[in-house]
Structures are given as structure tokens and as C-alpha cells.
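J.: Below you will find the structure I want to go over with you.
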Amino acid sequence: MKRFGALKKRPEPWETDELIRLENLVKIYDMGALKVLGLKQINLTIRRGEFVAVMGQSGSGKSTLMNILGCLDRPTSGHYYLDGADTGEMTAGELSAVRNRKIGFVFQSFNLIPRTSALKNVELPMTYGRRPKKERRERAMELLARVGLETRWSHMPNELSGGQRQRVAIARALANEPPLILADEPTGNLDTAASEEIMELFSGLHDEGVTVVVVTHEEEIAAFTGRIIRFRDGEIISDETNPCPRRKGGGERCC
Amino acid sequence: MLLENMQMAFHAIRANKMRSFLTMLGIIIGIGSVISIVSIGDTMRSLFAGLYKDVGLTQTYVSIGYWIDDVRESDYFTMDELDRIREVFGSRIAYMDSSAYLSGEARAGENSVKFEFSGVDYNYQQVQPVRLLYGRYLNEGDVKGRRGNAVMEAAGAERLFGTQNAVGKTFRTDVYGTVTEFTVVGVYEREMNAFQKLMTGSGSDTGQAFIPWTLLTWPNDRFYQCHLFADESMTAAELDRFYRELTYYVAKIKNRNPEDLYVYTATEEMNQLDSIMGGLSAAVGGIAAISLLVGGIGIMNIMLVSVTERTREIGIRKALGATTRDVMIQFLTESAILSACGGIIGILLGGGAVVLGGFLLGLEVVVKPSVVVLAVTFSAAVGVFFGMYPASKAAKADPIEALRYE
């Protein structure tokens, strides 16, 4: 798999437990005459298996961070190491491969492909990963079963409820077994019950060792995670662990 | 991946059936008209080739040039000269006469019917076969003895005598001002294909008959031209040589320059006609091909709309790991399939129209497979070409912008 060669530049990513490292990361939006500072000198490390909430008001820089973490955007200066590889040195094609293999996206507005069945939606990252058709189909069915939608595999997105759509999106994010799940306001369009179900899914993934980063502005959602990073005006203003994360139904493990 | 792309393309085309059909319409009309025009042209060419084959491809006329002012009496052919030509060229000449021709009223009792009389030799039957219904063909004795015998076409016989079986009946007609009596020795039926009927017209009420060519000698037992059929088994090169030698020989015995002779061959005329028709159908086909261009622009237009509409989808695909190339190929496949489908429907419609028309007219039509293959390839190429810009626009979309697009 030659196209993924660049990912293995640094020799021992699997020996460290760092999944994400940001070094002096700066993002400036150039709006012609006006230059807007999106992120100011961010330094941040997220280890494998962490469940992190990124919080902040709109305009605080959390979405900018999300875009950069998701390799959808590049920093103006500084470095972003994902799984040991410097994403700043990657070509557009290599970044596509990173998005495909290393990152699973979950969006606020679900972003399923319209008029395409749940199964096909879940298969899509594997299609772009060039995985064989049979394997794709089987894995997609497994993932749908895991989010409790195996009977809805043939449904189109508009035939599913919001919570169901987000579960399909999570199944899709897991398709290529990425080390990182990035969720951008995943419960923003859901009612409380559905929100709790979705967060419980993330907690379950976290239990299995998947790294999950959730961007949110709701304290109740952030309470599910083990580490809460707060942003304001493009800067980290606090970064604290949450010793007793919430679980669905109020059962709190460690308190 | 190609298969996936094609599935996605069909999916997208089906999702917008009406729009896809309207987009295809330009290509359908373009390909349909190109196919039907080229096929009509090919059909005409094959019909003319068939017609010339019926007439006799090796048919040749030699006479003094129509551009010559000082026509001498010696420029006309005598019976002896024709015999000498026949001797010199031997078996290379399959048949020879003077192509003399007379048209006049044939009268039998109260009846009078307009007739065309062709002066032929007794072996004309070998180069222009006809089906005899009654009696016999002209024989050597009729020709050599200049007997007033005639072989009449059935429809004319019916009109003149009220019966097709007119063997033994007599009629009178004027031959160069002299009333001459003829006896019908045979009646034949002419077999014509649909195209010949179309060309001749069914309303013709003129009768046809063959009479000995030796009767139509004017002026003074001379013939204006030498009419012959060369042996059909000769190759094109041999035929060419034969025409050249014939021209030189006739020029020699006539004491004329070869350039002063008018030599008409059916082969040459057919080739000319064929190249004119080929050129014509290519030209009209080319004009029809312009409509393909219009169809291509229609595809580009719709693909641009589609790319804009699906901006968000493109963003999602890119976030999930689609490369620029993946997106590009997806949209190119879509426009190529759209266009190729239009091309195939166009072929079915255009080819179908030609076949149906041929069926109704009773003609055998020619739809060349090469033209069909070319048309499909060309329409897919139109799709790829005009899909290029929209596809690259889609591929270049910024995923963040695209994901934010409402």
C-alpha cells in the first residue's frame, strides 16, 4: 500500500501512547484585508484511548481545531502529528488516505449521503479504502448491528429518525477501524433521550479503547467524557480531567 | 472501483429521471439523426449499386464525341465494323448491338398503344435476362434476316391485344417513316425491385418490346453508336485495359484521335455517383453531428447544476476519504454514462426509423455496425469531454466549504 507510506515516517508511533500532538499550532484566516486569528499557539497532546470533550462558545476556535484535527484544513504554522506522522508534510492524496483510515467523522447534521441506503452509507469509507465488496458488505452489516440498526439496513436516510441517522453515521465512522473518532456537536440536532443514547455509544467505544474527541457546548454532554478542554478566543483556557464520567441512566462508575 | 462508480452514476441518473432524460435528449436527437442520415445514405448507395448491377456494370457505349462539330459519315458504325470489333476483342465482349431505340404507336385493329422498341441482338437475353411467359426470344435468324418479329412485355401486350398470350398476333408501327408490320413471337415479364418501381413510376402506360437491332439502322444502314457489355469475369485492371484498347481500336478504324471519342462506361458512372452520394451523406451527417455538440453542452450544463446541488455530498465523500481523483472519476463516469445512454437510445431510434422506413417501402436498408460503434464511442467521448469541467469543479471543492453548504 504505497499511498500510505508517508504515514509511517516516524518509526515508532505504536510504541508511544500519543495519538495526537499539536505543537505551536496557529491558524490565521486570511479574509483579504482582514486577518482573523483562529487559533493562537495551541499545544495539546491526546493519548490513545482518551475520551475528550472540546468545549467553547461559537467563535472560540473549537471548530477550527476540529477541521485541523480532521485533516480537512491545514494549520498556518506549527505541527500536527497524528499517529506519529506530521500531517503538514502530506500531499492532498495522503491526507485523503489519512481521513479514510485514521479518522472517523460524526457530524452535527449527520451528513449521510441522501437517497442512499444505510448499508451503502456505512460501506462508503471502505469503498474509498478499496476493500473487497463482500468484506465491505459483511462489515457494514456487523457495524449496523452494533448500533442496533441491522433491520434498517435498506432504509434511506430520510426514512430514519435523527437518533437513528446519527447511529448510522457512527457505524460509518467506525468502518475502517480508525484510531480516532471526531464528533462535531454529535447531539446538537437530537433530543435528550437520543443524545444520551449517542453518548452512551461513544462511552462504549471508549471502553473498547477507541480514542473519541467530541466538540460540544453542552456541559451535560461533556460530562460523559474523561477530559474537558475549554477554548476561548482561539486559546485553551482550561484542560482538566473529569474523574467521574456520566453514563446513561445516571450510573456513575467511580463516584 | 469502476463498477462502484458506474453503480453510483446509474443511481444518480435514476434519482433524477426526468432531468436525466431531458439531458440525454440532445444526444439522442444528435446520434439518432447522424445514424439515420448515414444509414439512408448507405442504403441509397447500395440500392444504386444494385441498380447498376441490374443494368450491367460492364455496359459500355462508344460513339463520336458529342462535342465534335464536323461529324463525318464515317463516324457512324457499319455492320462490318461492328463485326470486326467483335472479332478483334473476342470473348472479352459478351454482347454487342447499336443500342438503337424507337418510340411510337403500336396499332392492332382498333387499339393503339404507345410503345418503346429496343433494337437488340438475339443473345441480349444472356446479359439482360427476362422471364419469358409465352413463345420464344428473338433468334439469330430474326436478327440476320431482319424479320419483323417482336418480344413484348406482358403489360403492353395486355393493353394492345387484351391478352397476355399475344404470340402470333401482329401489329403495325412506323419505323423511320415507313409503316412496318411486326409479329409477336414471345411475351416476357419484367421483374423489378421496389426501388426500380419507385424510380420508374407505376403510372407508366408505355409498352416495351424488343425487336431485331438490324431493323433500326439509320441513316443508311449505319449506327450512331456501338453498345456492348464487356465480359463480367474480367478484373478491374483487365476491364480498364479493355476499355483503353477498345477506344484506340475504334479511333484507328474511324481515323480519329482517341480523345474525339465518347466512351461511356456504367462502372465509371456508378463510381462517380457513389462518391457524390458518399460525400453528400458525409456532409449532411456532419451537419447533424453539430447537434451532438449542442447535446454535449446540455450535458455540461446539467452536470454543473448537479455538482452545485451535490456540493454537500462531495464534502461528505471527501471527509470520508475520497480523493480528488475519486470525485473526478465519479462525475466523469456519470456524464459519460448519461451521454452513452443517450447515444444508445439515439441509435435505437435512428436505426429503428430507418429500418421501419425501409420495411414500409419494401427496401433492404443498410445500417453499418461500424457506424453504430463509432456513434456510441463518440457520444461517450462527448460525455467525457463535456463532463470534464463540471467534474474538475466538483473534485476541487474545499471539503470544509462543501460540508457547510446548505
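FYI, nothing fancy with the C-alpha cells labels: chains A, B, ... in order, residues from 1 per chain, ligands from 1 as they appear.
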Find the residues around stretch 119-135 of chain A up to 10 Å (only C-alpha atoms counted), leave out those fewer than 3 positions away in its own chain, and share them as a PyMOL selection string.

T.: (chain A and resi 96-97+99-101+104+111-116+138-141+143-144+149-150+152-157+168-177) or (chain B and resi 1+4+317-323+326)

J.: Write a file of the just-selected residues containing N, CA and C atoms, as a compact mmCIF listing (two decimals), in the first residue's frame.

T.:
# COMPACT_ATOMS: atom_id res chain seq x y z
N SER A 96 -6.18 12.53 2.14
CA SER A 96 -7.40 11.77 1.89
C SER A 96 -7.30 10.40 2.51
N ALA A 97 -6.13 9.78 2.35
CA ALA A 97 -5.93 8.44 2.90
C ALA A 97 -5.99 8.48 4.43
N ARG A 99 -7.72 10.65 6.25
CA ARG A 99 -9.13 10.80 6.62
C ARG A 99 -9.85 9.46 6.52
N ASN A 100 -9.44 8.70 5.50
CA ASN A 100 -10.11 7.42 5.25
C ASN A 100 -9.77 6.39 6.32
N ARG A 101 -8.48 6.33 6.69
CA ARG A 101 -8.02 5.23 7.54
C ARG A 101 -7.93 5.58 9.02
N GLY A 104 -12.57 8.81 11.97
CA GLY A 104 -13.98 8.58 11.70
C GLY A 104 -14.75 9.83 12.10
N ASN A 111 -24.92 14.17 8.02
CA ASN A 111 -24.19 14.09 6.75
C ASN A 111 -24.15 12.69 6.15
N LEU A 112 -25.31 12.05 6.13
CA LEU A 112 -25.39 10.81 5.34
C LEU A 112 -25.63 11.20 3.89
N ILE A 113 -25.20 10.34 2.96
CA ILE A 113 -25.44 10.63 1.54
C ILE A 113 -26.93 10.40 1.27
N PRO A 114 -27.62 11.41 0.75
CA PRO A 114 -29.05 11.27 0.53
C PRO A 114 -29.37 10.20 -0.52
N ARG A 115 -30.58 9.68 -0.44
CA ARG A 115 -31.08 8.68 -1.40
C ARG A 115 -30.15 7.47 -1.52
N THR A 116 -29.46 7.16 -0.43
CA THR A 116 -28.53 6.03 -0.43
C THR A 116 -28.78 5.27 0.86
N GLU A 138 -20.26 -7.34 4.59
CA GLU A 138 -20.34 -8.05 5.86
C GLU A 138 -20.01 -7.13 7.03
N ARG A 139 -18.95 -6.35 6.85
CA ARG A 139 -18.55 -5.48 7.95
C ARG A 139 -19.60 -4.40 8.19
N ALA A 140 -20.18 -3.89 7.11
CA ALA A 140 -21.19 -2.86 7.26
C ALA A 140 -22.39 -3.40 8.03
N MET A 141 -22.78 -4.65 7.75
CA MET A 141 -23.91 -5.25 8.47
C MET A 141 -23.57 -5.43 9.95
N LEU A 143 -21.51 -3.63 11.69
CA LEU A 143 -21.50 -2.32 12.34
C LEU A 143 -22.91 -1.82 12.58
N LEU A 144 -23.79 -2.07 11.61
CA LEU A 144 -25.19 -1.65 11.80
C LEU A 144 -25.81 -2.42 12.96
N LEU A 149 -29.14 -1.25 14.36
CA LEU A 149 -29.95 -0.89 13.19
C LEU A 149 -29.88 -1.95 12.10
N GLU A 150 -29.56 -3.21 12.50
CA GLU A 150 -29.39 -4.22 11.45
C GLU A 150 -30.66 -4.44 10.64
N ARG A 152 -32.66 -2.12 9.75
CA ARG A 152 -32.95 -0.92 8.96
C ARG A 152 -31.92 -0.70 7.85
N TRP A 153 -31.16 -1.76 7.54
CA TRP A 153 -30.02 -1.56 6.62
C TRP A 153 -30.44 -0.99 5.27
N SER A 154 -31.67 -1.31 4.83
CA SER A 154 -32.06 -0.87 3.48
C SER A 154 -32.74 0.50 3.49
N HIS A 155 -32.91 1.08 4.70
CA HIS A 155 -33.63 2.35 4.76
C HIS A 155 -32.78 3.51 4.23
N MET A 156 -33.48 4.44 3.60
CA MET A 156 -32.81 5.66 3.15
C MET A 156 -32.72 6.61 4.36
N PRO A 157 -31.76 7.53 4.35
CA PRO A 157 -31.62 8.44 5.49
C PRO A 157 -32.92 9.15 5.86
N VAL A 168 -26.27 5.52 12.34
CA VAL A 168 -25.70 5.10 11.06
C VAL A 168 -24.37 5.82 10.83
N ALA A 169 -24.37 7.13 11.15
CA ALA A 169 -23.14 7.91 10.94
C ALA A 169 -22.01 7.36 11.79
N ILE A 170 -22.34 6.93 13.03
CA ILE A 170 -21.29 6.37 13.90
C ILE A 170 -20.79 5.04 13.33
N ALA A 171 -21.72 4.22 12.85
CA ALA A 171 -21.32 2.96 12.22
C ALA A 171 -20.39 3.25 11.05
N ARG A 172 -20.74 4.29 10.28
CA ARG A 172 -19.90 4.65 9.13
C ARG A 172 -18.52 5.11 9.60
N ALA A 173 -18.49 5.89 10.70
CA ALA A 173 -17.21 6.40 11.20
C ALA A 173 -16.30 5.25 11.63
N LEU A 174 -16.92 4.13 12.05
CA LEU A 174 -16.13 3.01 12.55
C LEU A 174 -15.67 2.07 11.44
N ALA A 175 -16.14 2.31 10.22
CA ALA A 175 -15.98 1.33 9.14
C ALA A 175 -14.55 0.85 8.96
N ASN A 176 -13.62 1.77 8.87
CA ASN A 176 -12.23 1.36 8.61
C ASN A 176 -11.42 1.21 9.90
N GLU A 177 -12.10 1.03 11.02
CA GLU A 177 -11.46 0.90 12.33
C GLU A 177 -10.43 1.99 12.57
N MET B 1 -13.61 -0.57 -8.37
CA MET B 1 -13.96 0.84 -8.17
C MET B 1 -14.73 1.38 -9.35
N GLU B 4 -18.22 0.37 -8.91
CA GLU B 4 -18.89 1.21 -7.91
C GLU B 4 -19.28 2.55 -8.52
N ARG B 317 -18.15 12.99 0.98
CA ARG B 317 -17.30 11.97 0.37
C ARG B 317 -15.83 12.27 0.62
N LYS B 318 -15.48 13.56 0.52
CA LYS B 318 -14.08 13.91 0.74
C LYS B 318 -13.69 13.67 2.19
N ALA B 319 -14.59 13.99 3.12
CA ALA B 319 -14.29 13.77 4.53
C ALA B 319 -14.11 12.29 4.80
N LEU B 320 -14.81 11.46 4.06
CA LEU B 320 -14.72 10.01 4.29
C LEU B 320 -13.53 9.39 3.57
N GLY B 321 -12.75 10.22 2.87
CA GLY B 321 -11.52 9.70 2.29
C GLY B 321 -11.49 9.64 0.78
N ALA B 322 -12.52 10.19 0.10
CA ALA B 322 -12.47 10.22 -1.36
C ALA B 322 -11.37 11.18 -1.79
N THR B 323 -10.54 10.75 -2.73
CA THR B 323 -9.51 11.65 -3.24
C THR B 323 -10.12 12.52 -4.33
N ASP B 326 -10.99 10.38 -7.12
CA ASP B 326 -12.22 9.61 -6.92
C ASP B 326 -13.44 10.44 -7.32

J.: Counting only C-alpha atoms, what are the residues of chain B within 12 Å of chain A, and for each of them which pair of atoms is the nearest and at what distance in Å, to one decimal? Sort the table by chain and rising number, as a tab-separated table.

T.:
residue	atom	partner	partner_atom	distance
B:Met1	CA	A:Arg130	CA	7.2
B:Leu2	CA	A:Thr127	CA	10.9
B:Leu3	CA	A:Lys133	CA	10.5
B:Glu4	CA	A:Thr127	CA	8.0
B:Asn5	CA	A:Thr127	CA	10.0
B:Gln7	CA	A:Lys120	CA	11.3
B:Met8	CA	A:Thr116	CA	9.5
B:His11	CA	A:Thr116	CA	8.6
B:Ala12	CA	A:Arg115	CA	8.9
B:Ile13	CA	A:Arg115	CA	11.8
B:Arg14	CA	A:Arg115	CA	10.5
B:Ala15	CA	A:Arg115	CA	7.7
B:Asn16	CA	A:Arg115	CA	10.9
B:Glu309	CA	A:Pro114	CA	11.7
B:Arg310	CA	A:Pro114	CA	9.5
B:Thr311	CA	A:Ile113	CA	11.2
B:Arg312	CA	A:Asn111	CA	8.1
B:Glu313	CA	A:Ile113	CA	6.0
B:Ile314	CA	A:Ile113	CA	9.2
B:Gly315	CA	A:Asn111	CA	9.1
B:Ile316	CA	A:Asn111	CA	6.5
B:Arg317	CA	A:Leu124	CA	8.0
B:Lys318	CA	A:Ser96	CA	7.1
B:Ala319	CA	A:Arg99	CA	6.3
B:Leu320	CA	A:Asn100	CA	5.4
B:Gly321	CA	A:Asn100	CA	4.0
B:Ala322	CA	A:Tyr128	CA	5.7
B:Thr323	CA	A:Ser96	CA	5.5
B:Thr324	CA	A:Gly93	CA	7.5
B:Arg325	CA	A:Gly93	CA	8.8
B:Asp326	CA	A:Tyr128	CA	7.9
B:Val327	CA	A:Tyr128	CA	10.3
B:Gln330	CA	A:Tyr128	CA	11.6
B:Ala395	CA	A:Ala92	CA	11.8
B:Lys396	CA	A:Ala92	CA	10.9
B:Ala397	CA	A:Leu72	CA	11.5
B:Asp398	CA	A:Leu72	CA	8.3
B:Pro399	CA	A:Leu72	CA	6.4
B:Ile400	CA	A:Leu72	CA	6.4
B:Glu401	CA	A:Leu72	CA	10.0
B:Ala402	CA	A:Leu72	CA	10.8
B:Leu403	CA	A:Asn111	CA	8.1
B:Arg404	CA	A:Ser109	CA	9.9
B:Tyr405	CA	A:Asn111	CA	11.2
B:Glu406	CA	A:Ser109	CA	10.8

J.: Can you list, as a list in words, every protein, DNA or RNA residue that comes within 12 Å of B:Val294 when you count only C-alpha atoms, leaving out same-chain residues fewer than 2 positions away?

T.: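 Here the qualifying residues turn out to be Thr23, Met24, Leu25, Gly26, Ile27, Ile28, Ile29, Gly30, Ile31, Ile287, Ala288, Ala289, Ile290, Ser291, Leu292, Gly296, Ile297, Gly298, Ile299, Met300, Asn301, Ser379, Val382, Gly383 and Phe386 of chain B.
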
J.: Between B:Gly32, B:Gly285, B:Gly56, B:Gly65, which has the minimum distance to B:Ala251 (counting only C-alpha atoms)?

T.: B:Gly65

J.: Taking 5 positions as the minimum chain separation for residues in the same chain, which residues sit within 7 Å of stretch 391-393 of chain B when counting only C-alpha atoms? Answer as a PyMOL selection string.

T.: chain B and resi 328+331-332

J.: Skip B:Ala380 itself and residues of its chain fewer than 3 positions away, then list as a list of chain:residue names all residues within 8 Å of it, counting only C-alpha atoms.

T.: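 My list of contacting residues is B:Ala336, B:Ile337, B:Ser339, B:Ala340, B:Gly343, B:Val376, B:Thr377, B:Gly383, B:Val384.
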
J.: Mind giving me the straight-line distance from atom CA of B:Ser335 to atom CA of B:Pro390 in Å, one decimal?

T.: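 Distance reported for this atom pair: 9.3 Å.
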
J.: Tell me which protein, DNA and RNA residues are within 7 Å of stretch 210-216 of chain A, counting only C-alpha atoms, leaving out same-chain ones fewer than 5 positions away, and put them as number ranges by chain.

T.: A: 48-55, 179-185, 205, 222

J.: Atoms to include: N, CA and C atoms. Write the selected residues as a PDB file, in the first residue's frame.

T.:
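Output file part_3.pdb is given in full below:
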ATOM      1  N   ARG A  48      -3.776   7.803  23.249  1.00  0.00           N
ATOM      2  CA  ARG A  48      -4.681   6.763  22.761  1.00  0.00           C
ATOM      3  C   ARG A  48      -5.665   6.366  23.844  1.00  0.00           C
ATOM      4  N   GLY A  49      -6.905   6.152  23.419  1.00  0.00           N
ATOM      5  CA  GLY A  49      -7.905   5.655  24.353  1.00  0.00           C
ATOM      6  C   GLY A  49      -8.570   6.725  25.191  1.00  0.00           C
ATOM      7  N   GLU A  50      -8.199   7.995  24.999  1.00  0.00           N
ATOM      8  CA  GLU A  50      -8.837   9.060  25.778  1.00  0.00           C
ATOM      9  C   GLU A  50     -10.227   9.377  25.219  1.00  0.00           C
ATOM     10  N   PHE A  51     -11.067   9.888  26.095  1.00  0.00           N
ATOM     11  CA  PHE A  51     -12.408  10.354  25.705  1.00  0.00           C
ATOM     12  C   PHE A  51     -12.439  11.826  26.086  1.00  0.00           C
ATOM     13  N   VAL A  52     -12.355  12.693  25.080  1.00  0.00           N
ATOM     14  CA  VAL A  52     -12.103  14.107  25.320  1.00  0.00           C
ATOM     15  C   VAL A  52     -13.275  14.943  24.826  1.00  0.00           C
ATOM     16  N   ALA A  53     -13.636  15.957  25.594  1.00  0.00           N
ATOM     17  CA  ALA A  53     -14.614  16.939  25.130  1.00  0.00           C
ATOM     18  C   ALA A  53     -13.888  18.244  24.866  1.00  0.00           C
ATOM     19  N   VAL A  54     -14.163  18.862  23.730  1.00  0.00           N
ATOM     20  CA  VAL A  54     -13.632  20.183  23.443  1.00  0.00           C
ATOM     21  C   VAL A  54     -14.802  21.144  23.546  1.00  0.00           C
ATOM     22  N   MET A  55     -14.711  22.101  24.466  1.00  0.00           N
ATOM     23  CA  MET A  55     -15.845  22.992  24.717  1.00  0.00           C
ATOM     24  C   MET A  55     -15.489  24.427  24.406  1.00  0.00           C
ATOM     25  N   PRO A 179      -8.238   4.868  14.428  1.00  0.00           N
ATOM     26  CA  PRO A 179      -7.857   5.057  15.828  1.00  0.00           C
ATOM     27  C   PRO A 179      -8.559   6.266  16.463  1.00  0.00           C
ATOM     28  N   LEU A 180      -9.052   7.192  15.649  1.00  0.00           N
ATOM     29  CA  LEU A 180      -9.629   8.428  16.187  1.00  0.00           C
ATOM     30  C   LEU A 180     -11.047   8.645  15.656  1.00  0.00           C
ATOM     31  N   ILE A 181     -11.969   8.919  16.612  1.00  0.00           N
ATOM     32  CA  ILE A 181     -13.321   9.320  16.212  1.00  0.00           C
ATOM     33  C   ILE A 181     -13.467  10.797  16.564  1.00  0.00           C
ATOM     34  N   LEU A 182     -13.804  11.591  15.544  1.00  0.00           N
ATOM     35  CA  LEU A 182     -14.004  13.023  15.764  1.00  0.00           C
ATOM     36  C   LEU A 182     -15.487  13.313  15.634  1.00  0.00           C
ATOM     37  N   ALA A 183     -16.085  13.815  16.709  1.00  0.00           N
ATOM     38  CA  ALA A 183     -17.523  14.083  16.665  1.00  0.00           C
ATOM     39  C   ALA A 183     -17.755  15.566  16.896  1.00  0.00           C
ATOM     40  N   ASP A 184     -18.361  16.214  15.910  1.00  0.00           N
ATOM     41  CA  ASP A 184     -18.568  17.661  15.973  1.00  0.00           C
ATOM     42  C   ASP A 184     -20.024  17.924  16.355  1.00  0.00           C
ATOM     43  N   GLU A 185     -20.259  18.302  17.599  1.00  0.00           N
ATOM     44  CA  GLU A 185     -21.615  18.532  18.114  1.00  0.00           C
ATOM     45  C   GLU A 185     -22.535  17.372  17.729  1.00  0.00           C
ATOM     46  N   LEU A 205     -17.576   2.804  22.981  1.00  0.00           N
ATOM     47  CA  LEU A 205     -16.396   2.762  22.110  1.00  0.00           C
ATOM     48  C   LEU A 205     -15.142   3.066  22.912  1.00  0.00           C
ATOM     49  N   ALA A 222     -20.563  17.021  27.745  1.00  0.00           N
ATOM     50  CA  ALA A 222     -19.143  16.949  28.111  1.00  0.00           C
ATOM     51  C   ALA A 222     -18.948  16.063  29.341  1.00  0.00           C
TER      52      ALA A 222
END

J.: Could you jot down the atom CA of B:Thr170 to atom CA of B:Gly156 separation for me, Å, one decimal place?

T.: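 Computing it gives 13.4 Å between the two atoms.
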